>>> print(open('start-v9.csv').read())   # CSV, C-alpha atoms and all ligand atoms
chain,number,residue,atom,x,y,z
A,1,MET,CA,-33.8,-102.8,166.3
A,2,SER,CA,-34.8,-104.2,162.9
A,3,ARG,CA,-34.4,-107.8,162.0
A,4,PHE,CA,-31.8,-106.6,159.5
A,5,PHE,CA,-29.4,-105.0,162.0
A,6,SER,CA,-26.0,-106.6,161.9
A,7,GLU,CA,-25.2,-109.1,164.7
A,8,LYS,CA,-21.9,-107.2,165.2
A,9,TYR,CA,-23.7,-104.1,166.5
A,10,LYS,CA,-26.6,-105.7,168.4
A,11,ASP,CA,-25.1,-105.1,171.8
A,12,LEU,CA,-23.8,-101.6,171.0
A,13,THR,CA,-24.8,-98.9,173.5
A,14,PRO,CA,-24.4,-95.5,171.7
A,15,TYR,CA,-22.8,-92.5,173.4
A,16,THR,CA,-25.3,-90.2,175.2
A,17,PRO,CA,-24.6,-86.6,174.1
A,18,GLY,CA,-25.4,-83.9,176.6
A,19,GLU,CA,-28.9,-82.4,176.3
A,20,GLN,CA,-29.4,-79.9,173.6
A,21,PRO,CA,-32.9,-78.7,174.7
A,22,GLN,CA,-35.2,-77.1,172.2
A,23,ASP,CA,-38.1,-76.4,174.7
A,24,MET,CA,-36.8,-73.3,176.5
A,25,GLN,CA,-33.9,-71.0,176.9
A,26,TYR,CA,-31.5,-72.3,179.6
A,27,VAL,CA,-28.4,-70.9,181.0
A,28,LYS,CA,-26.6,-73.7,179.2
A,29,LEU,CA,-23.6,-75.0,181.1
A,30,ASN,CA,-23.9,-78.7,180.2
A,31,THR,CA,-21.8,-79.4,177.1
A,32,ASN,CA,-18.7,-77.3,177.4
A,33,GLU,CA,-19.5,-74.9,174.6
A,34,SER,CA,-18.0,-71.5,174.5
A,35,PRO,CA,-20.2,-68.6,175.8
A,36,PHE,CA,-18.6,-66.4,173.2
A,37,PRO,CA,-19.6,-66.3,169.5
A,38,PRO,CA,-17.0,-67.1,166.8
A,39,CYS,CA,-15.2,-63.9,165.9
A,40,GLU,CA,-16.7,-61.7,163.2
A,41,ALA,CA,-14.1,-62.7,160.6
A,42,VAL,CA,-15.2,-66.4,161.0
A,43,ILE,CA,-18.9,-65.5,160.5
A,44,ALA,CA,-18.0,-63.4,157.4
A,45,ALA,CA,-15.8,-66.2,155.9
A,46,ALA,CA,-18.6,-68.8,156.5
A,47,ALA,CA,-21.1,-66.5,154.7
A,48,VAL,CA,-18.8,-66.0,151.7
A,49,SER,CA,-18.1,-69.7,151.4
A,50,ALA,CA,-21.8,-70.6,151.5
A,51,GLU,CA,-22.0,-69.0,148.0
A,52,SER,CA,-20.0,-71.9,146.6
A,53,LEU,CA,-21.9,-74.7,148.3
A,54,ARG,CA,-22.8,-76.0,144.9
A,55,LEU,CA,-19.3,-77.5,144.7
A,56,TYR,CA,-17.8,-80.3,146.7
A,57,PRO,CA,-15.2,-79.2,149.2
A,58,ASP,CA,-11.4,-79.8,148.8
A,59,PRO,CA,-11.0,-83.3,150.3
A,60,ASP,CA,-7.4,-82.5,151.3
A,61,CYS,CA,-8.5,-79.2,152.9
A,62,LYS,CA,-5.1,-77.8,151.8
A,63,ALA,CA,-5.6,-74.2,152.9
A,64,LEU,CA,-6.9,-75.2,156.3
A,65,VAL,CA,-4.2,-77.8,156.8
A,66,ASN,CA,-1.4,-75.3,155.8
A,67,ALA,CA,-2.9,-72.7,158.2
A,68,LEU,CA,-2.9,-75.3,161.1
A,69,ALA,CA,0.7,-76.4,160.2
A,70,SER,CA,1.9,-72.8,160.5
A,71,VAL,CA,0.1,-72.2,163.8
A,72,TYR,CA,1.3,-75.4,165.4
A,73,GLY,CA,4.8,-75.4,163.9
A,74,VAL,CA,4.6,-78.7,162.1
A,75,SER,CA,4.5,-79.8,158.4
A,76,PRO,CA,1.2,-80.1,156.6
A,77,ALA,CA,1.9,-83.9,156.2
A,78,GLN,CA,1.6,-84.1,160.0
A,79,ILE,CA,-2.0,-82.9,160.2
A,80,THR,CA,-5.3,-84.5,159.4
A,81,VAL,CA,-8.6,-82.6,159.7
A,82,ASN,CA,-11.9,-84.3,160.6
A,83,ASN,CA,-15.6,-83.8,161.4
A,84,GLY,CA,-15.1,-82.9,165.0
A,85,SER,CA,-12.3,-84.5,167.1
A,86,ASP,CA,-14.8,-87.3,167.7
A,87,GLU,CA,-14.2,-88.5,164.2
A,88,THR,CA,-10.4,-88.2,164.6
A,89,LEU,CA,-10.7,-90.4,167.7
A,90,ASN,CA,-12.9,-92.9,166.0
A,91,PHE,CA,-10.4,-93.1,163.1
A,92,ALA,CA,-7.6,-93.6,165.7
A,93,PHE,CA,-9.5,-96.6,167.2
A,94,MET,CA,-10.0,-98.0,163.6
A,95,ALA,CA,-6.3,-97.4,162.6
A,96,TYR,CA,-4.4,-98.4,165.8
A,97,CYS,CA,-6.5,-100.9,167.6
A,98,ASP,CA,-7.7,-104.5,166.9
A,99,ALA,CA,-7.9,-107.8,168.7
A,100,ASP,CA,-4.0,-107.9,169.0
A,101,HIS,CA,-3.8,-104.2,169.9
A,102,PRO,CA,-6.4,-103.5,172.6
A,103,ALA,CA,-7.1,-100.1,173.9
A,104,ILE,CA,-6.5,-98.7,177.4
A,105,PHE,CA,-7.9,-95.6,179.1
A,106,PRO,CA,-9.0,-94.5,182.6
A,107,ASP,CA,-12.4,-95.7,183.9
A,108,ILE,CA,-13.6,-92.2,184.3
A,109,THR,CA,-12.8,-90.2,181.1
A,110,TYR,CA,-14.5,-89.2,177.9
A,111,GLY,CA,-17.4,-91.6,177.5
A,112,PHE,CA,-17.0,-91.9,173.8
A,113,TYR,CA,-13.7,-94.0,174.1
A,114,SER,CA,-15.6,-97.2,175.2
A,115,VAL,CA,-18.2,-96.6,172.5
A,116,PHE,CA,-15.6,-96.3,169.8
A,117,ALA,CA,-13.9,-99.4,171.1
A,118,ALA,CA,-17.2,-101.4,171.1
A,119,LEU,CA,-18.1,-100.0,167.6
A,120,ASN,CA,-14.9,-101.2,166.2
A,121,GLY,CA,-14.8,-104.5,168.0
A,122,VAL,CA,-11.7,-103.5,170.0
A,123,PRO,CA,-11.1,-105.1,173.4
A,124,TYR,CA,-10.3,-102.5,176.1
A,125,GLU,CA,-9.2,-102.1,179.6
A,126,GLU,CA,-10.4,-99.3,181.9
A,127,VAL,CA,-7.9,-98.3,184.6
A,128,PRO,CA,-9.5,-96.9,187.7
A,129,LEU,CA,-8.6,-93.3,188.5
A,130,LYS,CA,-6.7,-93.0,191.8
A,131,ALA,CA,-8.6,-91.9,195.0
A,132,ASP,CA,-7.8,-88.2,194.2
A,133,PHE,CA,-9.2,-88.7,190.7
A,134,SER,CA,-5.7,-88.4,189.1
A,135,ILE,CA,-4.9,-90.9,186.3
A,136,ASP,CA,-3.0,-94.0,187.3
A,137,LEU,CA,-0.2,-93.5,184.9
A,138,GLU,CA,2.0,-96.3,186.3
A,139,ALA,CA,-0.8,-98.8,185.4
A,140,ILE,CA,-1.1,-97.4,181.9
A,141,MET,CA,2.6,-97.4,181.4
A,142,ALA,CA,2.8,-101.0,182.4
A,143,SER,CA,0.4,-102.0,179.6
A,144,ARG,CA,1.2,-102.5,175.9
A,145,ALA,CA,-2.2,-101.4,174.7
A,146,THR,CA,-2.9,-98.3,172.6
A,147,ALA,CA,-3.5,-95.6,175.2
A,148,PHE,CA,-6.2,-92.9,175.0
A,149,ILE,CA,-5.6,-90.1,177.4
A,150,ALA,CA,-7.8,-87.0,177.6
A,151,ASN,CA,-5.5,-84.2,178.8
A,152,PRO,CA,-7.0,-82.4,180.7
A,153,ASN,CA,-9.2,-85.4,181.6
A,154,ALA,CA,-13.0,-85.2,181.4
A,155,PRO,CA,-15.0,-84.7,183.5
A,156,THR,CA,-12.5,-84.1,186.2
A,157,GLY,CA,-10.5,-81.3,184.4
A,158,ILE,CA,-7.3,-82.6,186.0
A,159,ALA,CA,-4.2,-82.4,183.7
A,160,LEU,CA,-1.1,-84.5,183.4
A,161,SER,CA,2.2,-82.6,182.9
A,162,LEU,CA,4.2,-82.8,179.7
A,163,ALA,CA,6.8,-84.7,181.6
A,164,GLU,CA,4.2,-87.3,182.5
A,165,ILE,CA,3.0,-87.6,178.9
A,166,GLU,CA,6.6,-88.0,177.8
A,167,ALA,CA,7.2,-90.7,180.3
A,168,LEU,CA,4.1,-92.5,178.9
A,169,LEU,CA,5.4,-92.2,175.4
A,170,ARG,CA,8.8,-93.6,176.4
A,171,SER,CA,7.3,-96.4,178.4
A,172,ASN,CA,6.6,-98.4,175.2
A,173,PRO,CA,7.7,-96.8,171.9
A,174,ASN,CA,5.8,-99.7,170.1
A,175,ARG,CA,2.3,-98.6,171.0
A,176,VAL,CA,0.5,-95.5,170.0
A,177,VAL,CA,-0.5,-92.9,172.6
A,178,VAL,CA,-3.4,-90.7,171.7
A,179,VAL,CA,-3.5,-87.5,173.7
A,180,ASP,CA,-7.0,-85.9,173.4
A,181,GLU,CA,-6.4,-82.2,174.0
A,182,ALA,CA,-10.0,-81.0,173.5
A,183,TYR,CA,-9.6,-78.7,176.5
A,184,VAL,CA,-5.8,-78.0,176.4
A,185,ASP,CA,-6.2,-74.3,175.6
A,186,PHE,CA,-7.6,-73.5,179.1
A,187,GLY,CA,-4.4,-74.0,181.0
A,188,ALA,CA,-2.8,-77.4,180.4
A,189,GLU,CA,0.4,-78.2,178.5
A,190,SER,CA,0.1,-79.4,175.0
A,191,ALA,CA,2.1,-82.5,173.7
A,192,VAL,CA,2.3,-81.0,170.2
A,193,PRO,CA,6.0,-80.1,170.8
A,194,LEU,CA,6.8,-83.8,171.2
A,195,VAL,CA,5.4,-85.0,167.9
A,196,ASN,CA,8.8,-84.8,166.1
A,197,LYS,CA,10.5,-86.7,168.9
A,198,TYR,CA,8.0,-89.6,169.3
A,199,ASP,CA,6.6,-91.4,166.3
A,200,ASN,CA,4.0,-93.1,168.5
A,201,LEU,CA,2.3,-89.9,169.6
A,202,LEU,CA,-1.0,-88.6,168.1
A,203,VAL,CA,-2.4,-85.4,169.5
A,204,VAL,CA,-6.1,-84.7,168.9
A,205,GLN,CA,-7.5,-81.2,169.2
A,206,THR,CA,-10.8,-79.4,168.3
A,207,PHE,CA,-12.2,-76.1,167.2
A,208,SER,CA,-15.3,-76.8,169.4
A,209,LYS,CA,-14.2,-75.3,172.7
A,210,SER,CA,-11.6,-72.6,172.6
A,211,ARG,CA,-12.5,-71.5,169.1
A,212,SER,CA,-16.3,-71.3,169.7
A,213,MET,CA,-17.1,-73.6,166.8
A,214,ALA,CA,-18.8,-76.7,168.3
A,215,GLY,CA,-21.6,-76.4,165.7
A,216,ALA,CA,-19.2,-76.4,162.8
A,217,ARG,CA,-17.7,-79.8,163.6
A,218,LEU,CA,-14.0,-79.4,163.1
A,219,GLY,CA,-11.3,-81.4,164.8
A,220,PHE,CA,-7.7,-82.4,163.8
A,221,GLY,CA,-4.9,-84.7,164.6
A,222,ILE,CA,-1.2,-83.9,164.8
A,223,GLY,CA,1.5,-86.6,164.7
A,224,SER,CA,4.2,-88.2,162.6
A,225,ALA,CA,3.6,-88.1,158.8
A,226,ALA,CA,3.2,-91.9,158.9
A,227,LEU,CA,0.5,-91.9,161.6
A,228,ILE,CA,-1.4,-89.1,159.8
A,229,LYS,CA,-1.2,-91.1,156.5
A,230,ASP,CA,-2.9,-94.0,158.3
A,231,LEU,CA,-5.7,-91.8,159.5
A,232,ASN,CA,-6.1,-90.3,156.0
A,233,THR,CA,-6.4,-93.8,154.6
A,234,ILE,CA,-9.4,-94.4,156.9
A,235,LYS,CA,-10.8,-90.9,156.0
A,236,TYR,CA,-10.5,-91.6,152.3
A,237,SER,CA,-12.1,-95.0,152.8
A,238,THR,CA,-15.2,-93.5,154.6
A,239,ASN,CA,-15.9,-89.9,153.6
A,240,PRO,CA,-13.2,-87.8,151.9
A,241,TYR,CA,-15.5,-84.8,152.1
A,242,ASN,CA,-15.8,-84.9,155.9
A,243,ILE,CA,-15.1,-81.2,156.2
A,244,ASN,CA,-17.7,-79.0,154.4
A,245,ARG,CA,-16.8,-75.8,152.7
A,246,VAL,CA,-18.4,-73.5,155.3
A,247,THR,CA,-16.5,-75.2,158.2
A,248,ALA,CA,-13.2,-75.2,156.3
A,249,ALA,CA,-13.5,-71.5,155.6
A,250,ALA,CA,-14.6,-70.7,159.2
A,251,GLY,CA,-11.7,-72.7,160.5
A,252,ARG,CA,-9.1,-70.8,158.4
A,253,ALA,CA,-10.5,-67.5,159.6
A,254,ALA,CA,-10.4,-68.6,163.2
A,255,LEU,CA,-6.7,-69.4,162.8
A,256,GLU,CA,-6.1,-66.0,161.4
A,257,ASN,CA,-7.6,-64.6,164.6
A,258,GLU,CA,-5.7,-66.4,167.3
A,259,ALA,CA,-5.6,-63.3,169.6
A,260,TYR,CA,-9.4,-63.5,169.8
A,261,THR,CA,-9.2,-67.2,170.9
A,262,ARG,CA,-6.5,-66.5,173.4
A,263,GLU,CA,-8.4,-63.6,175.0
A,264,ASN,CA,-11.6,-65.8,175.3
A,265,CYS,CA,-9.6,-68.5,176.9
A,266,ARG,CA,-8.2,-66.0,179.4
A,267,ARG,CA,-11.7,-64.8,180.2
A,268,ILE,CA,-12.9,-68.4,180.7
A,269,MET,CA,-9.9,-69.1,183.1
A,270,GLU,CA,-10.7,-66.0,185.0
A,271,ASN,CA,-14.4,-67.0,185.3
A,272,ARG,CA,-13.4,-70.5,186.3
A,273,ALA,CA,-11.3,-69.1,189.2
A,274,PHE,CA,-14.1,-66.8,190.2
A,275,THR,CA,-16.7,-69.6,190.2
A,276,VAL,CA,-14.5,-72.1,192.0
A,277,ALA,CA,-13.8,-69.6,194.8
A,278,ALA,CA,-17.5,-68.9,195.1
A,279,LEU,CA,-18.5,-72.6,195.1
A,280,GLU,CA,-15.8,-73.3,197.8
A,281,LYS,CA,-17.3,-70.6,200.0
A,282,LEU,CA,-20.6,-72.4,199.7
A,283,GLY,CA,-19.1,-75.7,200.9
A,284,PHE,CA,-18.3,-77.4,197.6
A,285,ALA,CA,-15.1,-79.1,196.8
A,286,CYS,CA,-13.8,-78.7,193.3
A,287,THR,CA,-11.0,-80.6,191.4
A,288,ASP,CA,-8.1,-78.6,190.1
A,289,SER,CA,-9.6,-78.1,186.6
A,290,LYS,CA,-7.5,-76.9,183.7
A,291,ALA,CA,-10.5,-77.2,181.4
A,292,ASN,CA,-13.5,-74.9,180.6
A,293,PHE,CA,-15.6,-76.8,183.1
A,294,ILE,CA,-15.6,-77.3,186.9
A,295,PHE,CA,-16.2,-80.6,188.6
A,296,ALA,CA,-17.8,-80.1,192.0
A,297,VAL,CA,-19.3,-82.0,194.9
A,298,HIS,CA,-21.1,-80.8,198.0
A,299,PRO,CA,-21.0,-82.9,201.2
A,300,LYS,CA,-24.7,-82.3,202.0
A,301,ILE,CA,-26.3,-82.1,198.6
A,302,ASP,CA,-27.0,-85.0,196.3
A,303,GLY,CA,-25.4,-84.5,192.8
A,304,LYS,CA,-28.5,-85.5,190.9
A,305,PHE,CA,-30.8,-83.5,193.1
A,306,LEU,CA,-28.8,-80.4,192.5
A,307,TYR,CA,-28.7,-81.0,188.7
A,308,LEU,CA,-32.5,-81.5,188.6
A,309,GLU,CA,-33.2,-78.4,190.9
A,310,LEU,CA,-31.0,-76.2,188.7
A,311,LYS,CA,-32.8,-77.5,185.6
A,312,LYS,CA,-36.1,-76.5,187.0
A,313,ARG,CA,-34.7,-73.1,187.6
A,314,GLY,CA,-33.4,-72.7,184.0
A,315,VAL,CA,-29.8,-73.7,184.5
A,316,LEU,CA,-28.4,-76.8,182.8
A,317,ILE,CA,-25.3,-78.5,184.1
A,318,ARG,CA,-24.1,-82.1,183.5
A,319,HIS,CA,-24.7,-85.0,185.9
A,320,PHE,CA,-23.3,-88.5,185.3
A,321,GLU,CA,-24.9,-91.6,186.7
A,322,LYS,CA,-21.6,-93.5,187.1
A,323,ALA,CA,-21.5,-94.6,190.7
A,324,ARG,CA,-18.1,-93.1,191.6
A,325,ILE,CA,-18.9,-89.6,190.4
A,326,ALA,CA,-22.7,-89.6,190.9
A,327,ASP,CA,-22.3,-87.0,193.7
A,328,TYR,CA,-20.5,-84.7,191.4
A,329,ASN,CA,-21.7,-82.3,188.7
A,330,ARG,CA,-19.8,-80.9,185.8
A,331,ILE,CA,-20.4,-77.2,185.2
A,332,THR,CA,-19.2,-75.6,182.0
A,333,VAL,CA,-17.5,-72.2,182.6
A,334,GLY,CA,-19.6,-69.6,180.8
A,335,SER,CA,-19.6,-65.8,180.8
A,336,ARG,CA,-19.4,-63.9,184.1
A,337,GLU,CA,-23.1,-63.2,183.9
A,338,GLN,CA,-24.0,-66.8,183.3
A,339,MET,CA,-21.8,-67.9,186.3
A,340,GLU,CA,-23.5,-65.3,188.5
A,341,ILE,CA,-26.9,-66.6,187.6
A,342,PHE,CA,-25.7,-70.2,188.2
A,343,LEU,CA,-24.3,-69.3,191.6
A,344,ALA,CA,-27.4,-67.4,192.7
A,345,LYS,CA,-29.6,-70.4,191.9
A,346,VAL,CA,-27.2,-72.8,193.7
A,347,LYS,CA,-27.3,-70.5,196.8
A,348,GLU,CA,-31.1,-70.5,196.6
A,349,ILE,CA,-31.2,-74.3,196.5
A,350,LEU,CA,-28.8,-74.6,199.4
A,351,GLU,CA,-30.8,-72.2,201.5
A,352,GLU,CA,-34.0,-74.1,200.8
A,353,THR,CA,-32.6,-77.5,201.4
A,354,LEU,CA,-30.1,-77.3,204.2
B,401,LIG,N1,-12.7,-85.2,173.6
B,401,LIG,C1,-13.2,-84.8,174.8
B,401,LIG,C2,-12.5,-85.1,176.0
B,401,LIG,C3,-14.5,-84.2,174.8
B,401,LIG,O1,-15.0,-83.8,176.0
B,401,LIG,C4,-15.1,-83.9,173.6
B,401,LIG,C5,-16.4,-83.1,173.6
B,401,LIG,N2,-17.6,-83.8,173.9
B,401,LIG,C6,-14.5,-84.3,172.4
B,401,LIG,C7,-13.3,-84.9,172.4
B,401,LIG,C8,-15.2,-84.2,171.1
B,401,LIG,O2,-15.3,-82.9,170.6
B,401,LIG,P1,-15.6,-82.5,169.1
B,401,LIG,O3,-16.1,-83.7,168.4
B,401,LIG,O4,-16.7,-81.5,169.3
B,401,LIG,O5,-14.4,-81.9,168.6
>>> encode(input="start-v9.csv", output="structure tokens")
Amino acid sequence: MSRFFSEKYKDLTPYTPGEQPQDMQYVKLNTNESPFPPCEAVIAAAAVSAESLRLYPDPDCKALVNALASVYGVSPAQITVNNGSDETLNFAFMAYCDADHPAIFPDITYGFYSVFAALNGVPYEEVPLKADFSIDLEAIMASRATAFIANPNAPTGIALSLAEIEALLRSNPNRVVVVDEAYVDFGAESAVPLVNKYDNLLVVQTFSKSRSMAGARLGFGIGSAALIKDLNTIKYSTNPYNINRVTAAAGRAALENEAYTRENCRRIMENRAFTVAALEKLGFACTDSKANFIFAVHPKIDGKFLYLELKKRGVLIRHFEKARIADYNRITVGSREQMEIFLAKVKEILEETL
């Protein structure tokens, strides 16, 4: 830290992103990326747009916002687009939280929420997950704080029903509920149909997972026009050009090819069921994941040991040090071939160790 670093950030612990190794080719199942490339139309649109990189992009991203509005059945004024859903989430902390409006979220959830809270000087409460790793909705409903709910939750993959989300929205119409649906396309129910009914609902989604565009950094928020206006005030006060031309063009092309996205999601869900069944045969217990990852524990194998052994053998998965989940590993669902390699290596390790 330099002697110039602002006091207000001196205790900030940044988010630790999953490894993006450059040293060798891994079977990479650690950061919930899609194993499938973006569709050809996306690649072609990105290439064409690169020809006009000389020019600033459209700060309103009108064409992209209109395309999202028609896919999600809302008006363009109800959509904001950002540099990954991480940026939308940060803007939500900036817009809807302060000393008088603290944040609340589960103790085991997306690790960035506590970082965004700290970055923005927002007090926050972490509500412990129940013993079965489900979210303690009653506790969150009882609070008045701005709620951040990953649905499905990460890294458990467990989803709340739409009725549960609606109960949370109703529990206090005077606080914002942010539903982070980064993984919703892999089998959970989206809260987007509720945005016209509840003006305290912000749904956040991303092109990173189901649309195979993690590298493009494109996320969006859907809510009432008033909530979206707040987020755009923050956007225009930081970086109006937060979506570059290539990403905007790629995003539009992806939205014109929703059948490709749906088919990829179907394949991921199929591979998830295949891998969970195989892991359970090997003695693992897995949560009921509705996401593009599996959260698994083995009664006789230490979580960190398994992660390190797999890494040595060229397979990367994600291990978290947090005490309550240190025995678990999060495994991104990849192609069938990747999952077969992963399972073969796991079998190898079990045979050598047990
Ligand atoms: N929310 C959750 C729950 C996530 O796991 C992630 C991915 N790390 C994000 C949001 C952010 O995704 P992105 O910024 O790539 O849209």
>>> closest_residue(input="start-v9.csv", among="A:Phe4, A:Phe305, A:Phe293, A:Phe220", to="Tyr72 in chain A", atoms="all atoms listed in the file")
A:Phe220
>>> atom_distance(input="start-v9.csv", atom1="CA of Ala248 in chain A", atom2="CA of Leu64 in chain A")
6.3 Å
>>> closest_atom_pairs(input="start-v9.csv", of="chain A", to="ligand LIG 401 (chain B)", cutoff="6 Å", atoms="all atoms listed in the file", output="Markdown table")
| residue | atom | partner | partner_atom | distance |
| --- | --- | --- | --- | --- |
| A:Gly84 | CA | B:LIG401 | O3 | 3.6 |
| A:Ser85 | CA | B:LIG401 | O5 | 3.7 |
| A:Asp86 | CA | B:LIG401 | O3 | 3.9 |
| A:Tyr110 | CA | B:LIG401 | C2 | 4.9 |
| A:Ala150 | CA | B:LIG401 | C2 | 5.3 |
| A:Ala154 | CA | B:LIG401 | C2 | 5.4 |
| A:Asp180 | CA | B:LIG401 | N1 | 5.7 |
| A:Ala182 | CA | B:LIG401 | N1 | 5.0 |
| A:Thr206 | CA | B:LIG401 | O5 | 4.4 |
| A:Ser208 | CA | B:LIG401 | O4 | 4.9 |
| A:Ala214 | CA | B:LIG401 | O4 | 5.3 |
| A:Gly219 | CA | B:LIG401 | O5 | 4.9 |
>>> residues_around(input="start-v9.csv", residues="range 279-283 of chain A", least_positions_apart="5", cutoff="8 Å", atoms="all atoms listed in the file", output="JSON, numbers by chain")
{"A": [298, 299, 343, 347]}
>>> residues_around(input="start-v9.csv", residues="range 93-96 of chain A", least_positions_apart="4", cutoff="12 Å", atoms="all atoms listed in the file", output="compact mmCIF listing (two decimals) with C-alpha atoms, keeping the file's coordinate frame")
# COMPACT_ATOMS: atom_id res chain seq x y z
CA ASP A 86 -14.80 -87.30 167.70
CA GLU A 87 -14.20 -88.50 164.20
CA THR A 88 -10.40 -88.20 164.60
CA LEU A 89 -10.70 -90.40 167.70
CA ASP A 100 -4.00 -107.90 169.00
CA HIS A 101 -3.80 -104.20 169.90
CA PRO A 102 -6.40 -103.50 172.60
CA ALA A 103 -7.10 -100.10 173.90
CA ILE A 104 -6.50 -98.70 177.40
CA PHE A 112 -17.00 -91.90 173.80
CA TYR A 113 -13.70 -94.00 174.10
CA SER A 114 -15.60 -97.20 175.20
CA VAL A 115 -18.20 -96.60 172.50
CA PHE A 116 -15.60 -96.30 169.80
CA ALA A 117 -13.90 -99.40 171.10
CA ALA A 118 -17.20 -101.40 171.10
CA LEU A 119 -18.10 -100.00 167.60
CA ASN A 120 -14.90 -101.20 166.20
CA GLY A 121 -14.80 -104.50 168.00
CA VAL A 122 -11.70 -103.50 170.00
CA PRO A 123 -11.10 -105.10 173.40
CA TYR A 124 -10.30 -102.50 176.10
CA ALA A 145 -2.20 -101.40 174.70
CA THR A 146 -2.90 -98.30 172.60
CA ALA A 147 -3.50 -95.60 175.20
CA PHE A 148 -6.20 -92.90 175.00
CA ASN A 174 5.80 -99.70 170.10
CA ARG A 175 2.30 -98.60 171.00
CA VAL A 176 0.50 -95.50 170.00
CA VAL A 177 -0.50 -92.90 172.60
CA VAL A 178 -3.40 -90.70 171.70
CA ASN A 200 4.00 -93.10 168.50
CA LEU A 201 2.30 -89.90 169.60
CA LEU A 202 -1.00 -88.60 168.10
CA ALA A 226 3.20 -91.90 158.90
CA LEU A 227 0.50 -91.90 161.60
CA ILE A 228 -1.40 -89.10 159.80
CA LYS A 229 -1.20 -91.10 156.50
CA ASP A 230 -2.90 -94.00 158.30
CA LEU A 231 -5.70 -91.80 159.50
CA ASN A 232 -6.10 -90.30 156.00
CA THR A 233 -6.40 -93.80 154.60
CA ILE A 234 -9.40 -94.40 156.90
CA LYS A 235 -10.80 -90.90 156.00
CA SER A 237 -12.10 -95.00 152.80
CA THR A 238 -15.20 -93.50 154.60
>>> atom_distance(input="start-v9.csv", atom1="CA of Ile135 in chain A", atom2="CA of Lys197 in chain A")
23.6 Å
>>> residues_near_point(input="start-v9.csv", point="(-11.5, -83.4, 180.7)", cutoff="8 Å", atoms="only C-alpha atoms", output="JSON, numbers by chain")
{"A": [109, 110, 150, 151, 152, 153, 154, 155, 156, 157, 158, 159, 182, 183, 291]}
>>> closest_atom_pairs(input="start-v9.csv", of="range 231-251 of chain A", to="range 43-57 of chain A", cutoff="10 Å", atoms="only C-alpha atoms", output="CSV")
residue,atom,partner,partner_atom,distance
A:Pro240,CA,A:Pro57,CA,9.2
A:Tyr241,CA,A:Pro57,CA,6.3
A:Asn242,CA,A:Pro57,CA,8.8
A:Ile243,CA,A:Pro57,CA,7.3
A:Asn244,CA,A:Pro57,CA,5.8
A:Arg245,CA,A:Pro57,CA,5.1
A:Val246,CA,A:Ala46,CA,4.9
A:Thr247,CA,A:Ala46,CA,6.9
A:Ala248,CA,A:Ala46,CA,8.4
A:Ala249,CA,A:Ala45,CA,5.8
A:Ala250,CA,A:Ala46,CA,5.2
A:Gly251,CA,A:Ala46,CA,8.9
>>> atom_distance(input="start-v9.csv", atom1="CA of Ser210 in chain A", atom2="CA of Leu310 in chain A")
25.5 Å
>>> closest_atom_pairs(input="start-v9.csv", of="range 254-322 of chain A", to="range 22-33 of chain A", cutoff="7 Å", atoms="only C-alpha atoms", output="tab-separated table")
residue	atom	partner	partner_atom	distance
A:Asn292	CA	A:Asn32	CA	6.6
A:Phe293	CA	A:Asn32	CA	6.5
A:Gly314	CA	A:Tyr26	CA	4.8
A:Val315	CA	A:Val27	CA	4.7
A:Leu316	CA	A:Lys28	CA	5.1
A:Ile317	CA	A:Asn30	CA	4.1
A:Arg318	CA	A:Asn30	CA	4.7
>>> residues_around(input="start-v9.csv", residues="Asp132 in chain A", least_positions_apart="3", cutoff="12 Å", atoms="all atoms listed in the file", output="list of chain:residue names")
A:Pro128, A:Leu129, A:Ile135, A:Asp136, A:Thr156, A:Ile158, A:Ala285, A:Cys286, A:Thr287, A:Asp288, A:Arg324, A:Ile325
>>> closest_residue(input="start-v9.csv", among="A:Lys322, A:Arg336, A:Arg267, A:Arg252", to="Val65 in chain A", atoms="only C-alpha atoms")
A:Arg252
>>> closest_residue(input="start-v9.csv", among="A:Pro193, A:Gly111, A:Gln205, A:Lys10", to="Glu321 in chain A", atoms="all atoms listed in the file")
A:Gly111
>>> residues_around(input="start-v9.csv", residues="Val192 in chain A", least_positions_apart="4", cutoff="8 Å", atoms="only C-alpha atoms", output="MDAnalysis selection string")
chainID A and resid 72 203 222:223
